[in-house]
Amino acid sequence: MNFKIAIQPDQLQLDNGLNESYSERWICRARDLGHEVVVVDVFCDDIVDQLGPCDGFMWRFTHAPFPRLFAKRFVIAVEHGLDLIVFPDWRTCWHYDDKIAQYYLLTAAGIPTPRTWVFWRPEDALRFCRSASYPLVIKLSGGASSENVRIIEDFGKAKYWIGQMFSSGVFSLQSADSIGFRERMRRFRSAFLCILRGQLPNPGFWFELNKNYLLVQEFLHGNQFDTRVTIIGNRAFAFRRFNRPDDFRASGSGDFSTDPSEVDLQFVRLGFNTAYALGAQSLAVDGLYGGNERVIAEISYTYVAWVIHECPGHWELRGSPATGELIWREGHIRSEDAIMEDFLQKINLKYREKFALS
């Protein structure tokens with residue numbers, strides 16, 4: 001059976017300067033399989049009408065406030081309003097780049113996480129921080145590659161950030177000198193063009209204003225790396241990411257190992273358990289050791305695809321995440337292809353069920 005698939009183009013410039021696009025691969029793959037592809041522009045006034053005759057819609061959006069804030073609203077709206085099969089669906093993306101939502105979701109789902117506290121009133125935050133054990137990790141709700149994650153060494157630093165968060169707010173926890181040269185130049189060029197057009201540069205293009213909350217997490221000692229496990233359907237890709245020099249953060253370091261013999265398979269099981277509990281089509285989890293316990297620090301529906309392709313194989317699960325058999329499958333796979341395969345199967349299942357009832 002052939003389907004009509006709407007795909008929104010995406011283009012992401014990675015920290016290494018390379019461009020990455022899921023949509024380009026999806027378009028080629030869908031056409032190779034005999035499906036009709038409609039390349040759409042979600043910012044057009046008639047976009048809902050364009051999607052109406054389609055069987056599915058795909059849009060890989062990333063963490064920048066625009067278009068992320070619009071994208072999450074849009075894909076959920078067309079999934080429910082048009083009864084479309086979409087990627088990412090609402091279970092997969094509603095919590096994307098929102099660490100506060102992830103904290104409440106993972107806690108409610110019974111997924112182990114570092115001890116985390118979210119305060120919505122400054123007096124509550126101050127009361128906690130006066131008697132807290134330090135260091136603590138402060139995080140903004142959004143941000144990628146550890147950009148909005150830093151250490152609080154004492155109450156004085158905590159009080160400073162409480163003052164910032166419950167007054168004017170902050171766009172970032174990262175100092176300008178810690179942002180990569182390429183990224184600084186990109187932001188400088190964008191700001192310069194705004195000035196030439198007679199406009200004020202808008203930091204919200206890169207960052208979201210965060211205020212009126214405080215999110216802090218226990219600092220987990222002894223972790224020299226995290227374990228990134230990416231679940232796509234019943235496939236688990238896993239690798240270790242090592243911390244930056246003299247830093248506790250691994251995300252965005254660029255230093256990683258895809259050797260499967262080094263991967264703690266309990267993190268693979270925890271990844272499957274998390275993805276299945278949340279009902280996610282695609283989910284990357286960042287695993288850390290909290291003493292003898294394995295915990296999930298953050299989750300994301302999307303990720304850098306070339307690293308997944310670097311993995312020499314993946315695990316498949318037979319049975320439950322806790323006790324089922326983990327079967328190693330040798331061979332490189334592109335994450336875009338795995339997502340497309342599952343996506344088409346979901347559309348096919350929908351039509352089979354529809355015809356069975358008719």
# chains A, B, ... in the order shown; residues from 1 in each chain; ligands from 1

call {"tool": "residues_around", "arguments": {"residues": "Ala125 in chain A", "least_positions_apart": "4", "cutoff": "10 Å", "atoms": "only C-alpha atoms", "output": "VMD selection string"}}
result
chain A and resid 117 to 121 129 to 130 158 to 159 162 166 213 to 216

call {"tool": "select_by_dssp", "arguments": {"residues": "range 108-351 of chain A", "states": "alpha helix (DSSP H)", "output": "ChimeraX atom specification"}}
result
/A:108,122-131,155-165,181-196,265-278,305-310,335-351

call {"tool": "write_last_selection", "arguments": {"atoms": "C-alpha atoms", "output": "PDB file, in the first residue's frame"}}
result
ATOM      1  CA  ALA A 108       4.833  10.237  37.879  1.00  0.00           C
ATOM      2  CA  PRO A 122      11.041  32.664  46.020  1.00  0.00           C
ATOM      3  CA  GLU A 123      10.446  32.167  49.741  1.00  0.00           C
ATOM      4  CA  ASP A 124      10.242  28.401  49.257  1.00  0.00           C
ATOM      5  CA  ALA A 125      13.436  28.390  47.193  1.00  0.00           C
ATOM      6  CA  LEU A 126      15.308  30.462  49.784  1.00  0.00           C
ATOM      7  CA  ARG A 127      14.104  28.291  52.657  1.00  0.00           C
ATOM      8  CA  PHE A 128      15.328  25.140  50.910  1.00  0.00           C
ATOM      9  CA  CYS A 129      18.661  26.580  49.806  1.00  0.00           C
ATOM     10  CA  ARG A 130      19.556  27.879  53.275  1.00  0.00           C
ATOM     11  CA  SER A 131      19.689  24.330  54.634  1.00  0.00           C
ATOM     12  CA  PHE A 155      24.047  29.433  49.514  1.00  0.00           C
ATOM     13  CA  GLY A 156      25.485  32.720  48.272  1.00  0.00           C
ATOM     14  CA  LYS A 157      25.411  31.511  44.658  1.00  0.00           C
ATOM     15  CA  ALA A 158      21.967  29.994  45.166  1.00  0.00           C
ATOM     16  CA  LYS A 159      20.645  33.279  46.557  1.00  0.00           C
ATOM     17  CA  TYR A 160      22.045  35.132  43.535  1.00  0.00           C
ATOM     18  CA  TRP A 161      20.254  32.860  41.053  1.00  0.00           C
ATOM     19  CA  ILE A 162      17.033  32.949  43.064  1.00  0.00           C
ATOM     20  CA  GLY A 163      17.177  36.732  42.849  1.00  0.00           C
ATOM     21  CA  GLN A 164      17.684  36.575  39.094  1.00  0.00           C
ATOM     22  CA  MET A 165      15.020  33.959  38.425  1.00  0.00           C
ATOM     23  CA  PHE A 181      33.524  30.410  18.581  1.00  0.00           C
ATOM     24  CA  ARG A 182      31.353  29.292  15.665  1.00  0.00           C
ATOM     25  CA  GLU A 183      28.173  29.778  17.666  1.00  0.00           C
ATOM     26  CA  ARG A 184      29.294  33.207  18.893  1.00  0.00           C
ATOM     27  CA  MET A 185      29.944  34.285  15.301  1.00  0.00           C
ATOM     28  CA  ARG A 186      26.551  33.015  14.171  1.00  0.00           C
ATOM     29  CA  ARG A 187      24.780  34.953  16.882  1.00  0.00           C
ATOM     30  CA  PHE A 188      26.893  38.041  16.209  1.00  0.00           C
ATOM     31  CA  ARG A 189      26.013  37.989  12.492  1.00  0.00           C
ATOM     32  CA  SER A 190      22.330  37.609  13.267  1.00  0.00           C
ATOM     33  CA  ALA A 191      22.417  40.495  15.762  1.00  0.00           C
ATOM     34  CA  PHE A 192      24.372  42.660  13.288  1.00  0.00           C
ATOM     35  CA  LEU A 193      21.775  42.064  10.561  1.00  0.00           C
ATOM     36  CA  CYS A 194      19.013  43.056  12.994  1.00  0.00           C
ATOM     37  CA  ILE A 195      20.797  46.332  13.693  1.00  0.00           C
ATOM     38  CA  LEU A 196      21.235  47.014   9.960  1.00  0.00           C
ATOM     39  CA  LEU A 265      23.238  -2.994  29.835  1.00  0.00           C
ATOM     40  CA  GLN A 266      21.197  -1.905  32.837  1.00  0.00           C
ATOM     41  CA  PHE A 267      21.094   1.514  31.202  1.00  0.00           C
ATOM     42  CA  VAL A 268      19.802  -0.121  28.016  1.00  0.00           C
ATOM     43  CA  ARG A 269      17.036  -1.782  30.028  1.00  0.00           C
ATOM     44  CA  LEU A 270      16.265   1.517  31.762  1.00  0.00           C
ATOM     45  CA  GLY A 271      16.079   3.210  28.361  1.00  0.00           C
ATOM     46  CA  PHE A 272      13.569   0.641  27.096  1.00  0.00           C
ATOM     47  CA  ASN A 273      11.579   0.911  30.312  1.00  0.00           C
ATOM     48  CA  THR A 274      11.410   4.706  30.032  1.00  0.00           C
ATOM     49  CA  ALA A 275      10.443   4.770  26.342  1.00  0.00           C
ATOM     50  CA  TYR A 276       7.772   2.102  26.826  1.00  0.00           C
ATOM     51  CA  ALA A 277       6.360   3.778  29.945  1.00  0.00           C
ATOM     52  CA  LEU A 278       6.054   7.100  28.115  1.00  0.00           C
ATOM     53  CA  ALA A 305      21.832  11.382  13.800  1.00  0.00           C
ATOM     54  CA  TRP A 306      25.422  10.744  12.717  1.00  0.00           C
ATOM     55  CA  VAL A 307      26.406   9.550  16.206  1.00  0.00           C
ATOM     56  CA  ILE A 308      23.657   6.929  16.100  1.00  0.00           C
ATOM     57  CA  HIS A 309      24.993   5.787  12.722  1.00  0.00           C
ATOM     58  CA  GLU A 310      28.461   5.458  14.281  1.00  0.00           C
ATOM     59  CA  SER A 335      18.121   6.755  12.872  1.00  0.00           C
ATOM     60  CA  GLU A 336      16.132   8.545  10.156  1.00  0.00           C
ATOM     61  CA  ASP A 337      15.522   5.198   8.425  1.00  0.00           C
ATOM     62  CA  ALA A 338      14.439   3.491  11.649  1.00  0.00           C
ATOM     63  CA  ILE A 339      11.999   6.324  12.401  1.00  0.00           C
ATOM     64  CA  MET A 340      10.585   6.190   8.859  1.00  0.00           C
ATOM     65  CA  GLU A 341      10.185   2.400   9.022  1.00  0.00           C
ATOM     66  CA  ASP A 342       8.196   2.562  12.256  1.00  0.00           C
ATOM     67  CA  PHE A 343       6.196   5.542  10.975  1.00  0.00           C
ATOM     68  CA  LEU A 344       5.065   3.714   7.826  1.00  0.00           C
ATOM     69  CA  GLN A 345       4.197   0.620   9.845  1.00  0.00           C
ATOM     70  CA  LYS A 346       1.982   2.755  12.074  1.00  0.00           C
ATOM     71  CA  ILE A 347       0.111   4.187   9.089  1.00  0.00           C
ATOM     72  CA  ASN A 348      -0.262   0.713   7.607  1.00  0.00           C
ATOM     73  CA  LEU A 349      -1.654  -0.610  10.914  1.00  0.00           C
ATOM     74  CA  LYS A 350      -4.148   2.253  11.042  1.00  0.00           C
ATOM     75  CA  TYR A 351      -5.491   1.361   7.590  1.00  0.00           C
TER      76      TYR A 351
END

call {"tool": "closest_residue", "arguments": {"among": "A:Gln217, A:Thr107, A:Ser23, A:Thr113", "to": "Ile152 in chain A", "atoms": "only C-alpha atoms"}}
result
A:Gln217

call {"tool": "residues_around", "arguments": {"residues": "Leu84 in chain A", "least_positions_apart": "2", "cutoff": "12 Å", "atoms": "only C-alpha atoms", "output": "NGL selection string"}}
result
:A and (4-6 or 48 or 51-58 or 75-82 or 86-90 or 343 or 346-347 or 350-351)

call {"tool": "atom_distance", "arguments": {"atom1": "CA of Gly254 in chain A", "atom2": "CA of Arg29 in chain A"}}
result
28.6 Å

call {"tool": "residues_around", "arguments": {"residues": "Val149 in chain A", "least_positions_apart": "3", "cutoff": "7 Å", "atoms": "only C-alpha atoms", "output": "list in words"}}
result
Val137, Ile138, Lys139, Leu140, Ser146 and Leu173 of chain A

call {"tool": "write_last_selection", "arguments": {"atoms": "C-alpha atoms", "output": "compact mmCIF listing (two decimals), in the first residue's frame"}}
result
# COMPACT_ATOMS: atom_id res chain seq x y z
CA VAL A 137 23.11 21.63 40.01
CA ILE A 138 20.92 24.46 38.71
CA LYS A 139 19.17 24.01 35.39
CA LEU A 140 16.98 26.10 33.19
CA SER A 146 24.61 21.39 28.78
CA LEU A 173 23.16 30.21 32.56

call {"tool": "atom_distance", "arguments": {"atom1": "CA of Tyr104 in chain A", "atom2": "CA of Leu288 in chain A"}}
result
18.5 Å

call {"tool": "atom_distance", "arguments": {"atom1": "CA of Arg241 in chain A", "atom2": "CA of Arg228 in chain A"}}
result
7.0 Å
